[in-house]
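Shown next: query36.csv, given as CSV, C-alpha atoms.
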```
chain,number,residue,atom,x,y,z
A,12,MET,CA,31.8,36.4,-66.2
A,13,ASN,CA,29.0,37.0,-63.7
A,14,ASP,CA,28.0,34.6,-61.0
A,15,ASP,CA,24.7,33.8,-62.7
A,16,ALA,CA,26.5,32.3,-65.7
A,17,PRO,CA,29.5,30.4,-64.5
A,18,THR,CA,31.8,28.6,-67.0
A,19,GLN,CA,32.0,24.8,-66.5
A,20,ARG,CA,33.9,22.1,-68.3
A,21,LEU,CA,32.3,19.5,-70.5
A,22,THR,CA,32.0,16.0,-68.9
A,23,ARG,CA,32.0,12.8,-70.9
A,24,ALA,CA,28.5,12.0,-69.8
A,25,ARG,CA,27.3,15.4,-71.0
A,26,LEU,CA,29.1,15.0,-74.3
A,27,ARG,CA,27.3,11.7,-74.9
A,28,GLN,CA,24.0,13.4,-74.1
A,29,LEU,CA,24.7,16.2,-76.5
A,30,GLN,CA,25.8,13.9,-79.3
A,31,GLN,CA,22.3,12.3,-79.1
A,32,LEU,CA,20.9,15.6,-80.3
A,33,ARG,CA,22.3,14.8,-83.7
A,34,SER,CA,19.5,12.3,-84.1
A,35,ALA,CA,15.7,13.0,-84.4
A,36,LYS,CA,15.1,10.5,-81.6
A,37,GLY,CA,17.5,12.2,-79.3
A,38,ARG,CA,16.0,15.7,-80.0
A,39,ARG,CA,12.5,14.4,-79.4
A,40,GLU,CA,13.5,12.7,-76.1
A,41,GLN,CA,15.4,15.8,-74.8
A,42,ARG,CA,13.0,18.3,-76.3
A,43,ALA,CA,16.0,20.3,-77.4
A,44,PHE,CA,18.3,20.8,-80.3
A,45,LEU,CA,21.9,21.9,-81.0
A,46,ILE,CA,22.8,24.9,-83.2
A,47,ASP,CA,26.3,25.2,-84.6
A,48,GLY,CA,28.3,28.3,-85.5
A,49,ARG,CA,29.2,31.7,-84.0
A,50,LYS,CA,26.8,33.8,-86.0
A,51,LEU,CA,23.9,31.4,-85.6
A,52,VAL,CA,24.4,31.3,-81.8
A,53,GLN,CA,24.6,35.1,-81.7
A,54,ASP,CA,21.4,35.3,-83.8
A,55,ALA,CA,19.7,33.0,-81.3
A,56,ILE,CA,20.8,35.1,-78.4
A,57,ASP,CA,19.6,38.3,-80.2
A,58,ALA,CA,16.2,36.7,-80.8
A,59,ASP,CA,15.8,35.7,-77.2
A,60,ALA,CA,15.6,32.1,-78.1
A,61,PRO,CA,15.1,29.6,-75.2
A,62,ILE,CA,18.8,28.8,-74.9
A,63,VAL,CA,19.7,26.2,-72.2
A,64,GLU,CA,23.5,26.4,-72.5
A,65,LEU,CA,26.3,27.7,-74.6
A,66,LEU,CA,29.3,25.6,-75.5
A,67,SER,CA,32.5,27.1,-76.8
A,68,VAL,CA,36.2,26.4,-77.4
A,69,SER,CA,36.7,30.1,-76.3
A,70,PRO,CA,34.0,30.7,-73.6
A,71,GLU,CA,35.4,34.1,-72.9
A,72,GLU,CA,33.8,35.3,-76.1
A,73,TRP,CA,30.4,34.8,-74.5
A,74,VAL,CA,31.0,36.7,-71.3
A,75,GLU,CA,28.2,39.2,-72.1
A,76,ALA,CA,25.6,36.6,-72.9
A,77,SER,CA,24.5,36.0,-69.3
A,78,LEU,CA,23.9,32.4,-70.0
A,79,PRO,CA,25.5,29.2,-68.7
A,80,VAL,CA,28.7,28.5,-70.7
A,81,THR,CA,30.5,25.2,-71.0
A,82,SER,CA,34.1,25.1,-72.1
A,83,ILE,CA,34.8,22.5,-74.7
A,84,SER,CA,37.9,21.2,-76.5
A,85,ARG,CA,38.5,21.4,-80.2
A,86,PRO,CA,38.2,17.6,-80.6
A,87,ASP,CA,34.9,17.7,-78.7
A,88,SER,CA,33.6,20.4,-80.9
A,89,GLU,CA,34.3,18.1,-83.9
A,90,ARG,CA,32.4,15.3,-82.1
A,91,LEU,CA,29.3,17.6,-81.7
A,92,SER,CA,29.3,19.0,-85.2
A,93,ASP,CA,28.2,17.5,-88.5
A,94,THR,CA,30.5,19.9,-90.4
A,95,ARG,CA,34.1,19.2,-91.4
A,96,THR,CA,35.5,22.3,-89.9
A,97,PRO,CA,33.3,23.4,-87.0
A,98,GLN,CA,33.9,26.9,-85.6
A,99,GLY,CA,33.6,25.6,-82.0
A,100,HIS,CA,30.6,27.5,-80.8
A,101,PHE,CA,27.3,25.8,-80.0
A,102,ALA,CA,24.0,26.4,-78.2
A,103,VAL,CA,21.5,24.0,-76.8
A,104,VAL,CA,18.0,25.4,-77.5
A,105,GLU,CA,14.7,24.2,-76.1
A,106,ASP,CA,12.3,22.8,-78.7
A,107,HIS,CA,9.1,24.7,-78.3
A,108,ILE,CA,7.8,23.9,-81.7
A,109,GLY,CA,4.1,22.9,-81.6
A,110,ARG,CA,1.0,23.6,-83.5
A,111,LEU,CA,0.7,26.7,-85.6
A,112,GLU,CA,-2.6,28.6,-85.2
A,113,ALA,CA,-4.2,30.5,-88.0
A,114,LEU,CA,-3.3,34.2,-87.8
A,115,SER,CA,-7.0,35.0,-88.1
A,116,GLU,CA,-7.4,33.9,-84.4
A,117,ASP,CA,-6.1,37.4,-83.5
A,118,ALA,CA,-8.7,40.1,-83.5
A,119,ASP,CA,-6.2,42.7,-84.6
A,120,ASP,CA,-7.1,44.3,-88.0
A,121,ALA,CA,-3.5,43.8,-89.0
A,122,TYR,CA,-4.4,40.1,-89.6
A,123,ASP,CA,-7.1,40.8,-92.1
A,124,ALA,CA,-4.5,39.8,-94.7
A,125,TRP,CA,-1.8,37.2,-94.2
A,126,GLN,CA,0.3,34.6,-95.9
A,127,MET,CA,1.6,31.3,-94.5
A,128,VAL,CA,3.7,28.4,-95.9
A,129,ALA,CA,3.0,24.7,-95.6
A,130,LEU,CA,5.6,22.0,-96.5
A,131,ASP,CA,4.3,18.6,-97.7
A,132,ALA,CA,7.0,15.9,-97.3
A,133,ILE,CA,10.0,18.1,-98.3
A,134,GLN,CA,12.7,15.7,-97.3
A,135,ASP,CA,15.9,17.6,-98.0
A,136,ALA,CA,17.0,19.5,-94.9
A,137,GLY,CA,18.7,22.2,-97.0
A,138,ASN,CA,15.4,22.8,-98.8
A,139,VAL,CA,13.4,23.1,-95.6
A,140,GLY,CA,16.0,25.5,-94.2
A,141,GLY,CA,16.1,27.6,-97.3
A,142,ILE,CA,12.3,27.9,-97.4
A,143,ILE,CA,12.2,29.0,-93.7
A,144,ARG,CA,14.9,31.6,-94.6
A,145,SER,CA,12.8,33.0,-97.5
A,146,SER,CA,9.7,32.9,-95.4
A,147,ALA,CA,11.3,35.2,-92.8
A,148,ALA,CA,12.7,37.5,-95.5
A,149,PHE,CA,9.3,38.0,-97.1
A,150,GLY,CA,7.0,38.5,-94.2
A,151,ILE,CA,5.4,35.0,-94.0
A,152,GLY,CA,3.3,34.7,-90.9
A,153,GLY,CA,4.3,31.1,-90.1
A,154,VAL,CA,5.8,27.9,-91.6
A,155,LEU,CA,3.8,24.7,-91.1
A,156,VAL,CA,6.1,21.6,-91.5
A,157,GLY,CA,4.0,18.5,-92.5
A,158,PRO,CA,4.7,14.8,-91.9
A,159,GLY,CA,7.5,13.4,-94.0
A,160,SER,CA,9.4,16.7,-94.1
A,161,ALA,CA,12.9,17.1,-92.7
A,162,ASP,CA,12.8,17.8,-89.0
A,163,PRO,CA,12.9,21.6,-88.6
A,164,THR,CA,15.4,21.3,-85.7
A,165,HIS,CA,17.8,19.2,-87.9
A,166,PRO,CA,21.3,20.8,-87.9
A,167,ARG,CA,21.2,21.2,-91.6
A,168,VAL,CA,17.9,22.9,-91.5
A,169,THR,CA,19.0,25.5,-88.9
A,170,ARG,CA,22.2,26.1,-90.7
A,171,ALA,CA,20.5,26.7,-94.0
A,172,ALA,CA,17.9,28.9,-92.4
A,173,THR,CA,20.6,30.9,-90.6
A,174,GLY,CA,19.2,33.4,-88.0
A,175,ALA,CA,15.9,33.6,-89.9
A,176,TRP,CA,15.0,30.3,-88.1
A,177,PHE,CA,14.3,32.4,-85.0
A,178,ARG,CA,12.5,35.1,-86.9
A,179,VAL,CA,9.4,33.3,-88.2
A,180,PRO,CA,7.0,31.1,-86.3
A,181,ILE,CA,7.4,27.4,-87.1
A,182,GLY,CA,4.9,24.7,-86.4
A,183,ARG,CA,4.7,20.9,-86.8
A,184,SER,CA,1.7,19.3,-88.4
A,185,GLU,CA,0.8,15.7,-87.5
A,186,ASP,CA,-2.1,15.8,-90.0
A,187,LEU,CA,-1.6,18.3,-92.8
A,188,PRO,CA,-5.0,17.9,-94.5
A,189,ILE,CA,-6.7,18.7,-91.2
A,190,ASP,CA,-4.5,21.7,-90.5
A,191,LEU,CA,-4.9,23.1,-94.0
A,192,ASN,CA,-8.6,22.6,-93.8
A,193,ALA,CA,-8.6,24.6,-90.6
A,194,LEU,CA,-6.7,27.4,-92.4
A,195,ARG,CA,-9.2,27.4,-95.2
A,196,GLN,CA,-12.0,27.7,-92.6
A,197,ALA,CA,-10.1,30.8,-91.4
A,198,GLY,CA,-10.5,32.3,-94.8
A,199,ALA,CA,-7.3,31.2,-96.5
A,200,SER,CA,-6.9,30.1,-100.1
A,201,ILE,CA,-4.5,27.2,-100.7
A,202,LEU,CA,-2.1,27.9,-103.5
A,203,ALA,CA,0.1,25.0,-104.5
A,204,ALA,CA,3.4,25.3,-106.3
A,205,ASP,CA,3.2,23.2,-109.4
A,206,SER,CA,5.2,23.4,-112.6
A,207,SER,CA,2.0,22.8,-114.6
A,208,GLY,CA,0.0,25.5,-112.9
A,209,GLU,CA,-0.9,29.0,-114.0
A,210,SER,CA,1.8,31.5,-114.3
A,211,LEU,CA,2.7,33.4,-111.1
A,212,ASN,CA,2.7,36.6,-113.1
A,213,GLU,CA,-1.0,36.2,-113.9
A,214,LEU,CA,-2.0,35.4,-110.3
A,215,GLU,CA,-4.2,37.8,-108.3
A,216,ILE,CA,-3.0,37.4,-104.6
A,217,PRO,CA,-5.8,36.7,-102.2
A,218,ASN,CA,-5.9,38.5,-98.8
A,219,ARG,CA,-5.3,35.3,-96.9
A,220,LEU,CA,-3.4,32.4,-98.4
A,221,VAL,CA,-1.3,29.4,-97.7
A,222,TRP,CA,1.6,28.7,-100.1
A,223,LEU,CA,1.8,24.9,-100.3
A,224,PHE,CA,5.1,23.3,-101.4
A,225,GLY,CA,5.4,19.6,-102.1
A,226,ASN,CA,7.9,16.8,-102.2
A,227,GLU,CA,11.0,17.2,-104.4
A,228,GLY,CA,10.2,14.2,-106.5
A,229,SER,CA,6.4,13.4,-106.3
A,230,GLY,CA,5.0,16.9,-105.6
A,231,ILE,CA,1.8,17.4,-103.6
A,232,SER,CA,0.3,14.4,-101.8
A,233,SER,CA,-2.9,13.0,-103.3
A,234,GLU,CA,-4.9,13.5,-100.0
A,235,LEU,CA,-4.2,17.3,-100.2
A,236,GLU,CA,-5.6,17.6,-103.8
A,237,PRO,CA,-9.2,18.4,-102.7
A,238,LEU,CA,-7.9,21.3,-100.6
A,239,ILE,CA,-6.0,23.1,-103.3
A,240,ASP,CA,-7.7,26.2,-104.7
A,241,ARG,CA,-5.2,27.1,-107.4
A,242,ARG,CA,-1.9,25.8,-108.8
A,243,VAL,CA,0.9,28.2,-109.4
A,244,SER,CA,4.1,27.9,-111.5
A,245,VAL,CA,7.2,30.1,-111.8
A,246,PRO,CA,7.6,31.0,-115.5
A,247,ILE,CA,11.0,29.8,-116.7
A,248,SER,CA,12.8,29.4,-120.0
A,249,GLY,CA,12.5,26.1,-121.9
A,250,SER,CA,16.2,25.2,-121.2
A,251,VAL,CA,15.3,23.5,-117.9
A,252,ASP,CA,12.3,21.4,-116.8
A,253,SER,CA,11.8,22.8,-113.3
A,254,LEU,CA,13.3,24.6,-110.4
A,255,ASN,CA,14.6,23.3,-107.1
A,256,VAL,CA,11.7,23.6,-104.6
A,257,SER,CA,13.6,26.1,-102.3
A,258,VAL,CA,14.5,28.3,-105.3
A,259,ALA,CA,10.9,28.2,-106.6
A,260,ALA,CA,9.7,29.0,-103.1
A,261,GLY,CA,11.9,32.0,-102.8
A,262,ILE,CA,10.6,33.5,-106.1
A,263,ILE,CA,7.0,32.8,-105.2
A,264,LEU,CA,7.2,34.2,-101.7
A,265,HIS,CA,8.9,37.3,-103.0
A,266,HIS,CA,6.1,37.7,-105.5
A,267,GLY,CA,3.5,37.4,-102.7
A,268,TRP,CA,5.4,39.9,-100.5
A,269,ARG,CA,5.6,42.4,-103.3
A,270,ALA,CA,1.9,42.1,-104.2
A,271,ALA,CA,1.0,42.5,-100.5
A,272,ARG,CA,3.1,45.7,-100.3
A,273,GLU,CA,1.6,47.1,-103.4
A,274,ARG,CA,-1.9,46.4,-102.1
A,275,ASN,CA,-1.2,48.0,-98.8
A,276,SER,CA,0.2,51.1,-100.4
A,277,ARG,CA,-3.0,51.9,-102.3
```
Spell out the structure here as C-alpha cells.
Amino acid sequence: MNDDAPTQRLTRARLRQLQQLRSAKGRREQRAFLIDGRKLVQDAIDADAPIVELLSVSPEEWVEASLPVTSISRPDSERLSDTRTPQGHFAVVEDHIGRLEALSEDADDAYDAWQMVALDAIQDAGNVGGIIRSSAAFGIGGVLVGPGSADPTHPRVTRAATGAWFRVPIGRSEDLPIDLNALRQAGASILAADSSGESLNELEIPNRLVWLFGNEGSGISSELEPLIDRRVSVPISGSVDSLNVSVAAGIILHHGWRAARERNSR
C-alpha cells in the first residue's frame, strides 16, 4: 500500500464514533454516513464519491484504492453493520446532500426536456432506496427527498439503492411545496402517482415533469394538492388493490424513460 494511504487499526474511540453513524442524529452531526458491503464500497470508489475512510476485515483487498484504510476485526464489523452477516467492508462517505436545483437552470439545450422525482413522506427506507435505484436506471435528473421520508443516507436506503445511489443527484427538501412550486416555475408539470388517477398508458408525457410519490399509507399530503397537474395510475388487474410504491415507481419511471426515448428518436 502506498504511503499516501496507510493502513491503521481501529481504536475503541473511533469505533464508538462510527457506531453513531447508524443514527440520523449521528449522521447529521458528523455530516457523514457509513456504507456496508464490498460491491457498494467499490461502486462508491468507481463513482468518485467523497470517501473519508475505508474499513475492512481484509484491508489488503483495497490496496489499489489510494484511500485511508482501517483494519477492523470481524466482531467490530458486526458492531458497525445492521445486517446479520456483514461482509466486513465499509466506507465512511461525506454527506454532501443539499438542495436540488431545477435542471432548467442550465442553459444547455439538453435540458429542454427533463424528468425529476419527488418523495413525499415515504417512510420505508427500502422503498426510498428502491426508487433511487429506479431513478438512476431510467435517466431521472434528480431525486428530491421531502420531509417525513426516510433519510437518504440511512444504511437500508443505500443498500436498497445499491451503487445507483451514487449515480443520480439526490437532494433534501425542507419545504416540499416551495420546492415543487419552484420546479413548476421552471416549466415542470407535477404528475402524482395515485391509484385513482388516469391510466399511465393514456398519458402524454410533458417535456419537463416531476413524478411525485406519496406516503405508503396516506398518499400525497394535502398541502401539495394545489400543485398537482395530473394524477397517474398504473393499470393492474382487479386481483389486488394497489402496488407497493417502489414497484409502482419503477413501472412509471420506465414508462417515462421509454416515452422520452421515443420522442427524442423522431
Residues of region 144-165 of chain A within 12 Å of region 220-239 of chain A: nearest atom pair and distance (Å, one decimal) for each, counting only C-alpha atoms, sorted by chain and number, as JSON lines?
```
{"residue": "A:Ser146", "atom": "CA", "partner": "A:Trp222", "partner_atom": "CA", "distance": 10.3}
{"residue": "A:Ile151", "atom": "CA", "partner": "A:Val221", "partner_atom": "CA", "distance": 9.5}
{"residue": "A:Gly152", "atom": "CA", "partner": "A:Val221", "partner_atom": "CA", "distance": 9.8}
{"residue": "A:Gly153", "atom": "CA", "partner": "A:Val221", "partner_atom": "CA", "distance": 9.6}
{"residue": "A:Val154", "atom": "CA", "partner": "A:Val221", "partner_atom": "CA", "distance": 9.5}
{"residue": "A:Leu155", "atom": "CA", "partner": "A:Leu223", "partner_atom": "CA", "distance": 9.4}
{"residue": "A:Val156", "atom": "CA", "partner": "A:Phe224", "partner_atom": "CA", "distance": 10.1}
{"residue": "A:Gly157", "atom": "CA", "partner": "A:Gly225", "partner_atom": "CA", "distance": 9.8}
{"residue": "A:Pro158", "atom": "CA", "partner": "A:Ser232", "partner_atom": "CA", "distance": 10.8}
{"residue": "A:Gly159", "atom": "CA", "partner": "A:Asn226", "partner_atom": "CA", "distance": 8.9}
{"residue": "A:Ser160", "atom": "CA", "partner": "A:Asn226", "partner_atom": "CA", "distance": 8.2}
{"residue": "A:Ala161", "atom": "CA", "partner": "A:Asn226", "partner_atom": "CA", "distance": 10.7}
```
Item to complete: Could you jot down the CA of Glu213 (chain A) to CA of Leu191 (chain A) separation for me, Å, one decimal place?
Response: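 It comes out at 24.1 Å.
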Item to complete: Would you mind listing what lies within 12 Å of Gly37 (chain A) as a list of chain:residue names, with all atoms listed in the file counted and same-chain residues fewer than 6 positions away left out?
Response: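 Residues meeting the cut-off are A:Arg27, A:Gln28, A:Leu29, A:Gln30, A:Gln31, A:Ala43, A:Phe44, A:Leu45, A:Asp106, A:Thr164, A:His165.
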I'd like the contact shell of Ile181 (chain A) - 12 Å cut-off, all atoms listed in the file, skipping same-chain residues fewer than 3 positions apart - returned as a CSV table (one decimal) with C-alpha atoms, in the frame of the given file.
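The new file around.csv reads:
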```
chain,number,residue,atom,x,y,z
A,106,ASP,CA,12.3,22.8,-78.7
A,107,HIS,CA,9.1,24.7,-78.3
A,108,ILE,CA,7.8,23.9,-81.7
A,109,GLY,CA,4.1,22.9,-81.6
A,110,ARG,CA,1.0,23.6,-83.5
A,111,LEU,CA,0.7,26.7,-85.6
A,112,GLU,CA,-2.6,28.6,-85.2
A,127,MET,CA,1.6,31.3,-94.5
A,128,VAL,CA,3.7,28.4,-95.9
A,129,ALA,CA,3.0,24.7,-95.6
A,130,LEU,CA,5.6,22.0,-96.5
A,139,VAL,CA,13.4,23.1,-95.6
A,140,GLY,CA,16.0,25.5,-94.2
A,142,ILE,CA,12.3,27.9,-97.4
A,143,ILE,CA,12.2,29.0,-93.7
A,144,ARG,CA,14.9,31.6,-94.6
A,146,SER,CA,9.7,32.9,-95.4
A,147,ALA,CA,11.3,35.2,-92.8
A,151,ILE,CA,5.4,35.0,-94.0
A,152,GLY,CA,3.3,34.7,-90.9
A,153,GLY,CA,4.3,31.1,-90.1
A,154,VAL,CA,5.8,27.9,-91.6
A,155,LEU,CA,3.8,24.7,-91.1
A,156,VAL,CA,6.1,21.6,-91.5
A,157,GLY,CA,4.0,18.5,-92.5
A,162,ASP,CA,12.8,17.8,-89.0
A,163,PRO,CA,12.9,21.6,-88.6
A,164,THR,CA,15.4,21.3,-85.7
A,169,THR,CA,19.0,25.5,-88.9
A,172,ALA,CA,17.9,28.9,-92.4
A,175,ALA,CA,15.9,33.6,-89.9
A,176,TRP,CA,15.0,30.3,-88.1
A,177,PHE,CA,14.3,32.4,-85.0
A,178,ARG,CA,12.5,35.1,-86.9
A,184,SER,CA,1.7,19.3,-88.4
```
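The interatomic distance for the pair CA of Gln53 (chain A) and CA of Ile83 (chain A) works out to 17.7 Å.
Distance check against Glu209 (chain A) using only C-alpha atoms: of A:Gly99, A:Pro246, A:Pro180, A:Pro86, the minimum falls on A:Pro246.
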Fill in: Atomic distance CA of Asn192 (chain A) - CA of Gln126 (chain A), expressed in Å with one decimal
15.1 Å
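Using all atoms listed in the file, the nearest neighbour of Gly198 (chain A) within the list A:Ser257, A:Asp123, A:His100, A:Arg272 is A:Asp123.
Restricting the calculation to all atoms listed in the file, the smallest distance between Asn138 (chain A) and any of A:Leu254, A:Ser82, A:Ser69, A:Asn275 is found for A:Leu254.
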Could you get me a file of region 123-219 of chain A with C-alpha atoms, as a short mmCIF file (atom, residue, chain, number, x, y, z; two decimals), in the first residue's frame, taken from the block above?
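Output (out.cif):
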```cif
data_model
loop_
_atom_site.label_atom_id
_atom_site.label_comp_id
_atom_site.auth_asym_id
_atom_site.auth_seq_id
_atom_site.Cartn_x
_atom_site.Cartn_y
_atom_site.Cartn_z
CA ASP A 123 -35.07 21.49 -22.65
CA ALA A 124 -36.69 18.23 -21.51
CA TRP A 125 -36.14 16.58 -18.16
CA GLN A 126 -37.75 14.37 -15.55
CA MET A 127 -37.29 14.50 -11.79
CA VAL A 128 -38.69 12.60 -8.81
CA ALA A 129 -40.06 13.98 -5.52
CA LEU A 130 -40.78 11.84 -2.45
CA ASP A 131 -43.50 12.97 -0.06
CA ALA A 132 -43.14 11.31 3.36
CA ILE A 133 -42.13 7.87 2.08
CA GLN A 134 -41.13 6.33 5.38
CA ASP A 135 -39.81 2.89 4.45
CA ALA A 136 -36.07 3.04 3.80
CA GLY A 137 -36.27 0.13 1.36
CA ASN A 138 -38.86 1.99 -0.70
CA VAL A 139 -36.76 5.16 -0.80
CA GLY A 140 -33.70 3.16 -1.85
CA GLY A 141 -35.65 1.27 -4.47
CA ILE A 142 -36.98 4.48 -6.01
CA ILE A 143 -33.49 5.97 -6.09
CA ARG A 144 -32.29 2.84 -7.89
CA SER A 145 -35.08 3.04 -10.47
CA SER A 146 -34.42 6.76 -10.91
CA ALA A 147 -30.80 6.09 -11.83
CA ALA A 148 -31.82 3.25 -14.17
CA PHE A 149 -34.30 5.39 -16.09
CA GLY A 150 -32.42 8.63 -16.53
CA ILE A 151 -34.06 10.75 -13.84
CA GLY A 152 -32.32 14.09 -13.42
CA GLY A 153 -32.61 14.18 -9.64
CA VAL A 154 -34.47 12.79 -6.62
CA LEU A 155 -35.89 15.30 -4.14
CA VAL A 156 -36.48 13.70 -0.72
CA GLY A 157 -39.14 15.59 1.20
CA PRO A 158 -39.73 15.90 4.96
CA GLY A 159 -41.01 12.76 6.65
CA SER A 160 -39.25 10.48 4.19
CA ALA A 161 -36.55 8.03 5.24
CA ASP A 162 -33.12 9.63 5.48
CA PRO A 163 -31.42 9.07 2.09
CA THR A 164 -28.18 8.21 3.92
CA HIS A 165 -29.85 5.51 6.07
CA PRO A 166 -27.99 2.19 5.68
CA ARG A 167 -31.10 0.45 4.37
CA VAL A 168 -31.60 3.19 1.77
CA THR A 169 -28.05 2.94 0.43
CA ARG A 170 -28.21 -0.85 0.48
CA ALA A 171 -31.52 -0.93 -1.44
CA ALA A 172 -30.30 1.66 -3.93
CA THR A 173 -27.02 -0.22 -4.47
CA GLY A 174 -24.40 1.67 -6.50
CA ALA A 175 -27.19 3.65 -8.18
CA TRP A 176 -27.19 5.86 -5.07
CA PHE A 177 -24.02 7.47 -6.42
CA ARG A 178 -25.32 7.75 -10.00
CA VAL A 179 -28.26 10.13 -9.59
CA PRO A 180 -28.34 13.56 -7.88
CA ILE A 181 -30.18 13.44 -4.54
CA GLY A 182 -31.47 16.48 -2.69
CA ARG A 183 -33.17 17.12 0.62
CA SER A 184 -36.22 19.37 0.76
CA GLU A 185 -37.10 21.22 3.95
CA ASP A 186 -40.30 22.54 2.37
CA LEU A 187 -41.63 20.37 -0.45
CA PRO A 188 -44.46 22.73 -1.53
CA ILE A 189 -41.97 25.58 -2.01
CA ASP A 190 -39.51 23.39 -3.91
CA LEU A 191 -42.18 21.86 -6.13
CA ASN A 192 -43.57 25.29 -6.89
CA ALA A 193 -40.07 26.39 -7.94
CA LEU A 194 -39.90 23.42 -10.30
CA ARG A 195 -43.28 24.37 -11.74
CA GLN A 196 -41.96 27.89 -12.29
CA ALA A 197 -39.11 26.26 -14.22
CA GLY A 198 -41.67 24.74 -16.56
CA ALA A 199 -42.34 21.37 -14.95
CA SER A 200 -45.68 19.61 -14.68
CA ILE A 201 -46.29 17.80 -11.39
CA LEU A 202 -47.59 14.28 -12.01
CA ALA A 203 -48.66 12.45 -8.87
CA ALA A 204 -48.85 8.68 -8.60
CA ASP A 205 -52.38 7.84 -7.46
CA SER A 206 -54.28 4.58 -7.82
CA SER A 207 -57.41 6.58 -8.73
CA GLY A 208 -55.66 8.65 -11.42
CA GLU A 209 -55.77 8.31 -15.19
CA SER A 210 -54.08 5.29 -16.71
CA LEU A 211 -50.37 5.61 -17.36
CA ASN A 212 -50.94 4.13 -20.82
CA GLU A 213 -53.10 7.10 -21.81
CA LEU A 214 -50.72 9.75 -20.54
CA GLU A 215 -48.90 12.14 -22.84
CA ILE A 216 -45.51 12.80 -21.24
CA PRO A 217 -44.68 16.52 -20.93
CA ASN A 218 -41.19 17.77 -21.78
CA ARG A 219 -40.46 18.74 -18.20
#
```
